[in-house]
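Just input.txt here, compact mmCIF, C-alpha atoms and all ligand atoms:
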# COMPACT_ATOMS: atom_id res chain seq x y z
CA MET P 1 12.63 4.90 -16.65
CA ASN P 2 12.31 4.58 -12.91
CA ARG P 3 11.40 1.57 -10.85
CA ALA P 4 8.68 1.82 -8.23
CA VAL P 5 7.57 -0.02 -5.17
CA PHE P 6 3.84 0.55 -4.78
CA LEU P 7 2.72 0.10 -1.20
CA ASP P 8 -0.72 -0.60 0.17
CA ARG P 9 -1.23 1.46 3.34
CA ASP P 10 -3.26 -0.52 5.90
CA GLY P 11 -1.43 -3.64 7.06
CA VAL P 12 1.80 -2.52 5.38
CA ILE P 13 2.70 0.94 6.74
CA ASN P 14 0.19 1.14 9.57
CA HIS P 15 -1.50 -1.63 11.53
CA ALA P 16 -4.78 -2.94 10.15
CA MET P 17 -7.64 -3.26 12.62
CA ILE P 18 -8.61 -6.92 13.09
CA ARG P 19 -12.26 -7.82 13.75
CA ASP P 20 -13.63 -11.38 13.35
CA ASP P 21 -10.33 -12.43 11.73
CA LYS P 22 -10.75 -9.82 9.00
CA ALA P 23 -8.66 -6.71 8.38
CA PHE P 24 -10.19 -3.22 8.44
CA SER P 25 -8.86 0.29 7.99
CA PRO P 26 -8.46 2.55 11.02
CA ARG P 27 -11.42 4.91 11.32
CA SER P 28 -9.99 7.43 13.77
CA ARG P 29 -6.69 9.07 14.66
CA GLU P 30 -6.54 6.89 17.81
CA GLU P 31 -6.70 3.72 15.71
CA PHE P 32 -3.90 4.83 13.39
CA ARG P 33 -0.55 3.33 14.43
CA LEU P 34 2.51 3.09 12.20
CA ILE P 35 4.24 -0.30 12.00
CA GLU P 36 7.69 -0.27 13.57
CA GLY P 37 10.40 -0.51 10.93
CA ALA P 38 8.20 0.62 8.05
CA ALA P 39 9.77 4.08 7.77
CA ALA P 40 13.29 2.59 7.79
CA ALA P 41 12.34 0.06 5.10
CA ILE P 42 10.96 2.85 2.90
CA ARG P 43 14.14 4.86 3.38
CA GLU P 44 16.22 1.83 2.29
CA LEU P 45 14.10 1.35 -0.82
CA GLN P 46 14.54 5.00 -1.78
CA ALA P 47 18.28 4.76 -1.15
CA ALA P 48 18.26 1.83 -3.61
CA GLU P 49 16.66 4.21 -6.14
CA PHE P 50 13.12 2.90 -6.00
CA THR P 51 10.31 5.46 -6.18
CA VAL P 52 7.93 4.63 -3.33
CA LEU P 53 4.25 5.34 -3.97
CA VAL P 54 1.39 4.50 -1.62
CA VAL P 55 -1.85 3.33 -3.27
CA THR P 56 -4.71 2.96 -0.81
CA ASN P 57 -8.44 2.15 -1.02
CA GLN P 58 -10.39 4.19 1.55
CA PRO P 59 -14.07 3.34 0.91
CA ASP P 60 -14.94 4.34 4.48
CA ILE P 61 -14.97 7.90 3.09
CA SER P 62 -17.85 6.99 0.74
CA ARG P 63 -19.52 4.98 3.49
CA GLY P 64 -19.45 7.92 5.90
CA LEU P 65 -17.36 5.97 8.41
CA LEU P 66 -14.20 8.10 8.13
CA SER P 67 -13.96 11.88 7.82
CA THR P 68 -11.88 13.53 5.14
CA ALA P 69 -10.11 15.50 7.89
CA ASP P 70 -9.04 12.29 9.65
CA LEU P 71 -7.97 10.69 6.35
CA ASP P 72 -5.88 13.78 5.55
CA TRP P 73 -4.35 13.66 9.03
CA MET P 74 -3.33 10.03 8.42
CA ALA P 75 -1.87 10.96 5.02
CA ASP P 76 0.14 13.76 6.63
CA ARG P 77 1.52 11.32 9.18
CA VAL P 78 2.55 8.84 6.48
CA LEU P 79 4.20 11.58 4.42
CA SER P 80 5.98 13.28 7.30
CA GLU P 81 7.14 10.13 9.08
CA THR P 82 8.05 7.90 6.13
CA HIS P 83 8.79 10.40 3.32
CA VAL P 84 7.15 8.24 0.66
CA ASP P 85 7.25 10.02 -2.70
CA GLU P 86 3.47 10.24 -3.05
CA LEU P 87 0.29 8.88 -1.54
CA LEU P 88 -2.64 8.14 -3.87
CA VAL P 89 -6.10 7.50 -2.42
CA CYS P 90 -9.26 5.97 -3.88
CA PRO P 91 -12.21 7.21 -1.76
CA HIS P 92 -14.80 5.28 -3.79
CA ASP P 93 -16.79 2.12 -3.10
CA ASP P 94 -17.77 -0.77 -5.38
CA GLN P 95 -20.94 0.89 -6.68
CA HIS P 96 -18.95 3.81 -8.11
CA ALA P 97 -17.22 1.40 -10.51
CA CYS P 98 -14.19 3.72 -10.67
CA THR P 99 -10.90 2.72 -12.26
CA CYS P 100 -8.81 3.56 -9.17
CA ARG P 101 -10.29 1.19 -6.58
CA LYS P 102 -8.05 -1.86 -6.28
CA PRO P 103 -8.26 -4.57 -7.72
CA GLN P 104 -8.36 -2.07 -10.59
CA PRO P 105 -4.85 -0.82 -11.39
CA GLY P 106 -5.79 2.87 -11.90
CA MET P 107 -3.71 4.32 -9.06
CA LEU P 108 -0.65 2.35 -10.17
CA LEU P 109 -1.09 3.49 -13.77
CA GLU P 110 -1.51 7.12 -12.66
CA GLY P 111 1.58 6.92 -10.45
CA ALA P 112 3.55 5.30 -13.28
CA ARG P 113 2.59 8.06 -15.70
CA LYS P 114 3.45 10.80 -13.26
CA TRP P 115 6.79 9.39 -12.09
CA GLY P 116 8.03 7.80 -15.35
CA ILE P 117 7.81 4.27 -13.96
CA ASP P 118 8.55 1.05 -15.85
CA LEU P 119 5.78 -1.14 -14.42
CA ALA P 120 7.35 -4.40 -15.58
CA GLN P 121 10.37 -3.57 -13.41
CA SER P 122 8.24 -2.54 -10.44
CA PHE P 123 6.58 -4.14 -7.42
CA MET P 124 3.32 -4.08 -5.52
CA VAL P 125 3.47 -4.81 -1.79
CA GLY P 126 0.20 -5.40 0.05
CA ASP P 127 -1.70 -7.59 2.48
CA GLY P 128 -4.82 -8.43 0.47
CA TRP P 129 -5.99 -10.03 -2.77
CA LYS P 130 -7.05 -6.67 -4.19
CA ASP P 131 -3.46 -5.44 -3.91
CA MET P 132 -2.10 -8.54 -5.63
CA GLU P 133 -4.71 -8.34 -8.38
CA ALA P 134 -4.10 -4.61 -9.00
CA GLY P 135 -0.35 -5.21 -9.13
CA LYS P 136 -0.78 -8.10 -11.55
CA LYS P 137 -3.06 -6.08 -13.83
CA ALA P 138 -0.46 -3.30 -13.88
CA GLY P 139 2.25 -5.79 -14.83
CA CYS P 140 4.18 -5.60 -11.54
CA THR P 141 5.68 -8.37 -9.42
CA CYS P 142 3.43 -8.91 -6.39
CA ILE P 143 4.64 -9.31 -2.81
CA LEU P 144 2.20 -10.26 -0.07
CA ILE P 145 2.77 -9.39 3.58
CA ASP P 146 1.84 -12.59 5.39
CA ALA P 147 -1.11 -12.36 7.79
CA PRO P 148 -3.67 -14.80 9.24
CA TYR P 149 -6.41 -13.19 7.13
CA ASN P 150 -4.70 -13.67 3.74
CA GLN P 151 -3.64 -17.32 3.75
CA GLY P 152 -5.49 -18.21 0.51
CA VAL P 153 -4.22 -15.22 -1.48
CA GLY P 154 -1.96 -15.80 -4.48
CA CYS P 155 1.23 -13.79 -4.99
CA ASP P 156 4.73 -13.95 -6.44
CA TYR P 157 6.41 -13.72 -3.02
CA ARG P 158 5.09 -13.95 0.53
CA VAL P 159 7.13 -12.15 3.21
CA LYS P 160 6.86 -11.33 6.90
CA ASP P 161 6.70 -7.55 6.72
CA LEU P 162 7.72 -4.48 4.72
CA LYS P 163 11.28 -4.72 6.03
CA SER P 164 11.57 -8.27 4.60
CA ALA P 165 10.08 -7.08 1.31
CA ALA P 166 12.66 -4.28 1.12
CA ASP P 167 15.50 -6.72 1.90
CA LEU P 168 14.30 -9.05 -0.88
CA LEU P 169 14.05 -6.25 -3.46
CA ILE P 170 17.37 -4.66 -2.60
CA LYS P 171 19.18 -8.02 -2.62
CA ASN P 172 17.82 -8.83 -6.10
CA LYS P 173 17.94 -5.29 -7.45
CA ASP P 174 20.48 -5.87 -10.21
CA THR P 175 19.47 -9.38 -11.26
MG MG L 1 -4.19 -3.52 3.34
ZN ZN L 2 -11.70 5.10 -7.02

Take the structure in the file and give it back as C-alpha cells.
Ligand SMILES: [Mg+2]
Ligand SMILES: [Zn+2]
Amino acid sequence: MNRAVFLDRDGVINHAMIRDDKAFSPRSREEFRLIEGAAAAIRELQAAEFTVLVVTNQPDISRGLLSTADLDWMADRVLSETHVDELLVCPHDDQHACTCRKPQPGMLLEGARKWGIDLAQSFMVGDGWKDMEAGKKAGCTCILIDAPYNQGVGCDYRVKDLKSAADLLIKNKDT
C-alpha cells in the first residue's frame, strides 16, 4: 500500500483570493498565482515516497463564474509546474449533493482506490474546514495551513505553509 498526501489547491498550491476576510478561488488566469516553495515541497514529498494528489472543490464552474477552459488551464499549470501525481476536481455545488464535494470524502476515496493508498497512513493538507472534515471522514491525519480566515477550524496539526507540512511529514515518516 502507498501513502498519500492529499492537497487542497486554493490556499495551498496557489494563492487564495481574499475578500472581506474570506478566501475565494481565482476566477481568471490573471488571478492564478502559484505559492513560492509549493512545487519544491511537493517534490520533497514525492522523494519521500508519498503519492501527491490534489483534491479541489471548484463550484464556480456550476455557478457560471469560472470557465472550464480557464479551470483546465489552471490544472495544466499545477501539473506542469509541480508534477503532482493527479489532480481531482469537484465542479458541483451544494444543491447537487454529490459525494465528491468536500466535506464529503469522495475525491480522497477515489484517489485511494486508483493509487492503492492506505488512508489511515495518509494526510490531508488544506486551508479550510471542508478539507479537514473530508480528510477526517476518509480516515487521514489532517494538517491545516494557518491563515487569518481559518482560526476557528479544528485539525490535527496547524502549520505555516505547505513547505512546513512537508517538513513535518518527512521528519515523522518512519515513526
Ligand atoms: Mg482552499
Ligand atoms: Zn462533486

Need the shell around Gly154 (chain P): protein/DNA/RNA residues with any atom at most 12 Å away, counting only C-alpha atoms. Skip same-chain ones fewer than 2 positions apart. Format as an MDAnalysis selection string? chainID P and resid 126:133 135:136 141:146 150:152 156:158

Around ligand MG 1 (chain L), at most 12 Å away and counting all atoms listed in the file, which residues are there? Put them as a PyMOL selection string, please.
chain P and resi 7-18+22-26+54-58+102-103+124-132+144-147+149-150

Using C-alpha atoms, can you write the selected residues to a file as a CSV table (one decimal), keeping the file's coordinate frame?
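Listed below is the output, selection-v1.csv:
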chain,number,residue,atom,x,y,z
P,7,LEU,CA,2.7,0.1,-1.2
P,8,ASP,CA,-0.7,-0.6,0.2
P,9,ARG,CA,-1.2,1.5,3.3
P,10,ASP,CA,-3.3,-0.5,5.9
P,11,GLY,CA,-1.4,-3.6,7.1
P,12,VAL,CA,1.8,-2.5,5.4
P,13,ILE,CA,2.7,0.9,6.7
P,14,ASN,CA,0.2,1.1,9.6
P,15,HIS,CA,-1.5,-1.6,11.5
P,16,ALA,CA,-4.8,-2.9,10.2
P,17,MET,CA,-7.6,-3.3,12.6
P,18,ILE,CA,-8.6,-6.9,13.1
P,22,LYS,CA,-10.8,-9.8,9.0
P,23,ALA,CA,-8.7,-6.7,8.4
P,24,PHE,CA,-10.2,-3.2,8.4
P,25,SER,CA,-8.9,0.3,8.0
P,26,PRO,CA,-8.5,2.6,11.0
P,54,VAL,CA,1.4,4.5,-1.6
P,55,VAL,CA,-1.8,3.3,-3.3
P,56,THR,CA,-4.7,3.0,-0.8
P,57,ASN,CA,-8.4,2.2,-1.0
P,58,GLN,CA,-10.4,4.2,1.6
P,102,LYS,CA,-8.0,-1.9,-6.3
P,103,PRO,CA,-8.3,-4.6,-7.7
P,124,MET,CA,3.3,-4.1,-5.5
P,125,VAL,CA,3.5,-4.8,-1.8
P,126,GLY,CA,0.2,-5.4,0.0
P,127,ASP,CA,-1.7,-7.6,2.5
P,128,GLY,CA,-4.8,-8.4,0.5
P,129,TRP,CA,-6.0,-10.0,-2.8
P,130,LYS,CA,-7.0,-6.7,-4.2
P,131,ASP,CA,-3.5,-5.4,-3.9
P,132,MET,CA,-2.1,-8.5,-5.6
P,144,LEU,CA,2.2,-10.3,-0.1
P,145,ILE,CA,2.8,-9.4,3.6
P,146,ASP,CA,1.8,-12.6,5.4
P,147,ALA,CA,-1.1,-12.4,7.8
P,149,TYR,CA,-6.4,-13.2,7.1
P,150,ASN,CA,-4.7,-13.7,3.7

Exercise: region 91-96 of chain P partners within 12 Å, only C-alpha atoms, chain neighbours under 5 positions left out, as a PyMOL selection string: chain P and resi 55-68+71-72+101-104+107

Expected axis-aligned box over every listed atom of region 122-135 of chain P, 8 Å added per side, centre plus edges in Å to one decimal, as AutoDock Vina command-line options:
--center_x 0.6 --center_y -6.3 --center_z -4.0 --size_x 31.3 --size_y 23.5 --size_z 28.9

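Each of P:Leu108, P:Leu53, P:Leu162, P:Ala47 was checked against ligand ZN 2 (chain L) using all atoms listed in the file; the smallest atom-to-atom distance is that of P:Leu108.
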
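Between ligand ZN 2 (chain L) and the candidates P:Cys100, P:Val153, P:Leu119, P:Cys140, the tightest atom-to-atom separation, counting only C-alpha atoms and all ligand atoms, involves P:Cys100.
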
Judged by only C-alpha atoms, the minimum distance to Ser80 (chain P) among P:Thr99, P:Phe123, P:Leu34, P:Gly111 is found for P:Leu34

CA of Phe6 (chain P) to CA of Glu81 (chain P) measures 17.2 Å

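Considering all atoms listed in the file, the residue among P:Val159, P:Val5, P:Pro105, P:Ala165 positioned nearest to ligand ZN 2 (chain L) is P:Pro105.
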
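For the atom pair formed by CA of Ala75 (chain P) and CA of Arg19 (chain P), the distance is 23.2 Å, given to one decimal.
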
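Between ligand ZN 2 (chain L) and the candidates P:Met1, P:Ile42, P:Cys98, P:Val78, the tightest atom-to-atom separation, counting only C-alpha atoms and all ligand atoms, involves P:Cys98.
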
From the list P:His83, P:Gly106, P:Leu45, P:Gly139, the nearest residue to Ala120 (chain P) using only C-alpha atoms is P:Gly139

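CA of Lys163 (chain P) is found 22.1 Å from CA of Glu31 (chain P).
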
Repair of region 41-52 of chain P at the level of all heavy atoms, as a short mmCIF file (atom, residue, chain, number, x, y, z; two decimals), in the coordinates of the input:
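Writing the result to selection.cif gives the following:
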data_model
loop_
_atom_site.label_atom_id
_atom_site.label_comp_id
_atom_site.auth_asym_id
_atom_site.auth_seq_id
_atom_site.Cartn_x
_atom_site.Cartn_y
_atom_site.Cartn_z
N ALA P 41 12.38 0.88 6.32
CA ALA P 41 12.34 0.06 5.10
C ALA P 41 12.12 0.95 3.87
O ALA P 41 12.74 0.75 2.83
CB ALA P 41 11.23 -1.00 5.21
N ILE P 42 11.25 1.93 4.01
CA ILE P 42 10.96 2.85 2.90
C ILE P 42 12.21 3.67 2.57
O ILE P 42 12.55 3.87 1.40
CB ILE P 42 9.74 3.74 3.25
CG1 ILE P 42 8.48 2.87 3.24
CG2 ILE P 42 9.63 4.92 2.29
CD1 ILE P 42 7.27 3.49 3.90
N ARG P 43 12.90 4.11 3.58
CA ARG P 43 14.14 4.86 3.38
C ARG P 43 15.17 4.01 2.62
O ARG P 43 15.85 4.48 1.71
CB ARG P 43 14.69 5.29 4.74
CG ARG P 43 15.70 6.40 4.70
CD ARG P 43 15.82 7.10 6.06
NE ARG P 43 16.03 6.15 7.14
CZ ARG P 43 15.26 6.07 8.23
NH1 ARG P 43 14.25 6.88 8.41
NH2 ARG P 43 15.51 5.17 9.18
N GLU P 44 15.27 2.74 2.97
CA GLU P 44 16.22 1.83 2.29
C GLU P 44 15.85 1.63 0.83
O GLU P 44 16.72 1.59 -0.04
CB GLU P 44 16.27 0.48 3.01
CG GLU P 44 17.08 0.53 4.30
CD GLU P 44 16.85 -0.70 5.18
OE1 GLU P 44 16.46 -1.76 4.65
OE2 GLU P 44 17.05 -0.58 6.41
N LEU P 45 14.55 1.51 0.57
CA LEU P 45 14.10 1.35 -0.82
C LEU P 45 14.44 2.59 -1.64
O LEU P 45 14.90 2.49 -2.78
CB LEU P 45 12.58 1.09 -0.86
CG LEU P 45 12.14 -0.31 -0.41
CD1 LEU P 45 10.63 -0.35 -0.22
CD2 LEU P 45 12.59 -1.37 -1.42
N GLN P 46 14.23 3.76 -1.06
CA GLN P 46 14.54 5.00 -1.78
C GLN P 46 16.04 5.15 -1.99
O GLN P 46 16.48 5.63 -3.04
CB GLN P 46 13.95 6.20 -1.03
CG GLN P 46 12.42 6.24 -1.13
CD GLN P 46 11.79 7.28 -0.23
OE1 GLN P 46 12.25 7.48 0.89
NE2 GLN P 46 10.72 7.92 -0.70
N ALA P 47 16.82 4.71 -1.00
CA ALA P 47 18.28 4.76 -1.15
C ALA P 47 18.74 3.83 -2.26
O ALA P 47 19.76 4.07 -2.91
CB ALA P 47 18.95 4.38 0.18
N ALA P 48 17.95 2.76 -2.52
CA ALA P 48 18.26 1.83 -3.61
C ALA P 48 17.62 2.30 -4.92
O ALA P 48 17.50 1.52 -5.87
CB ALA P 48 17.77 0.42 -3.25
N GLU P 49 17.19 3.55 -4.94
CA GLU P 49 16.66 4.21 -6.14
C GLU P 49 15.29 3.71 -6.60
O GLU P 49 14.95 3.82 -7.78
CB GLU P 49 17.68 4.17 -7.28
CG GLU P 49 18.87 5.05 -6.92
CD GLU P 49 19.96 5.03 -7.97
OE1 GLU P 49 19.85 4.28 -8.95
OE2 GLU P 49 20.93 5.79 -7.79
N PHE P 50 14.52 3.18 -5.69
CA PHE P 50 13.12 2.90 -6.00
C PHE P 50 12.28 4.13 -5.65
O PHE P 50 12.52 4.77 -4.61
CB PHE P 50 12.59 1.73 -5.16
CG PHE P 50 13.09 0.38 -5.60
CD1 PHE P 50 14.08 -0.28 -4.87
CD2 PHE P 50 12.57 -0.25 -6.72
CE1 PHE P 50 14.55 -1.54 -5.25
CE2 PHE P 50 13.02 -1.50 -7.12
CZ PHE P 50 14.01 -2.15 -6.38
N THR P 51 11.34 4.47 -6.52
CA THR P 51 10.31 5.46 -6.18
C THR P 51 9.27 4.73 -5.35
O THR P 51 8.85 3.63 -5.70
CB THR P 51 9.67 6.02 -7.47
OG1 THR P 51 10.71 6.59 -8.28
CG2 THR P 51 8.62 7.08 -7.16
N VAL P 52 8.88 5.31 -4.22
CA VAL P 52 7.93 4.63 -3.33
C VAL P 52 6.60 5.38 -3.32
O VAL P 52 6.52 6.54 -2.89
CB VAL P 52 8.50 4.50 -1.89
CG1 VAL P 52 7.48 3.81 -0.99
CG2 VAL P 52 9.81 3.71 -1.91
#
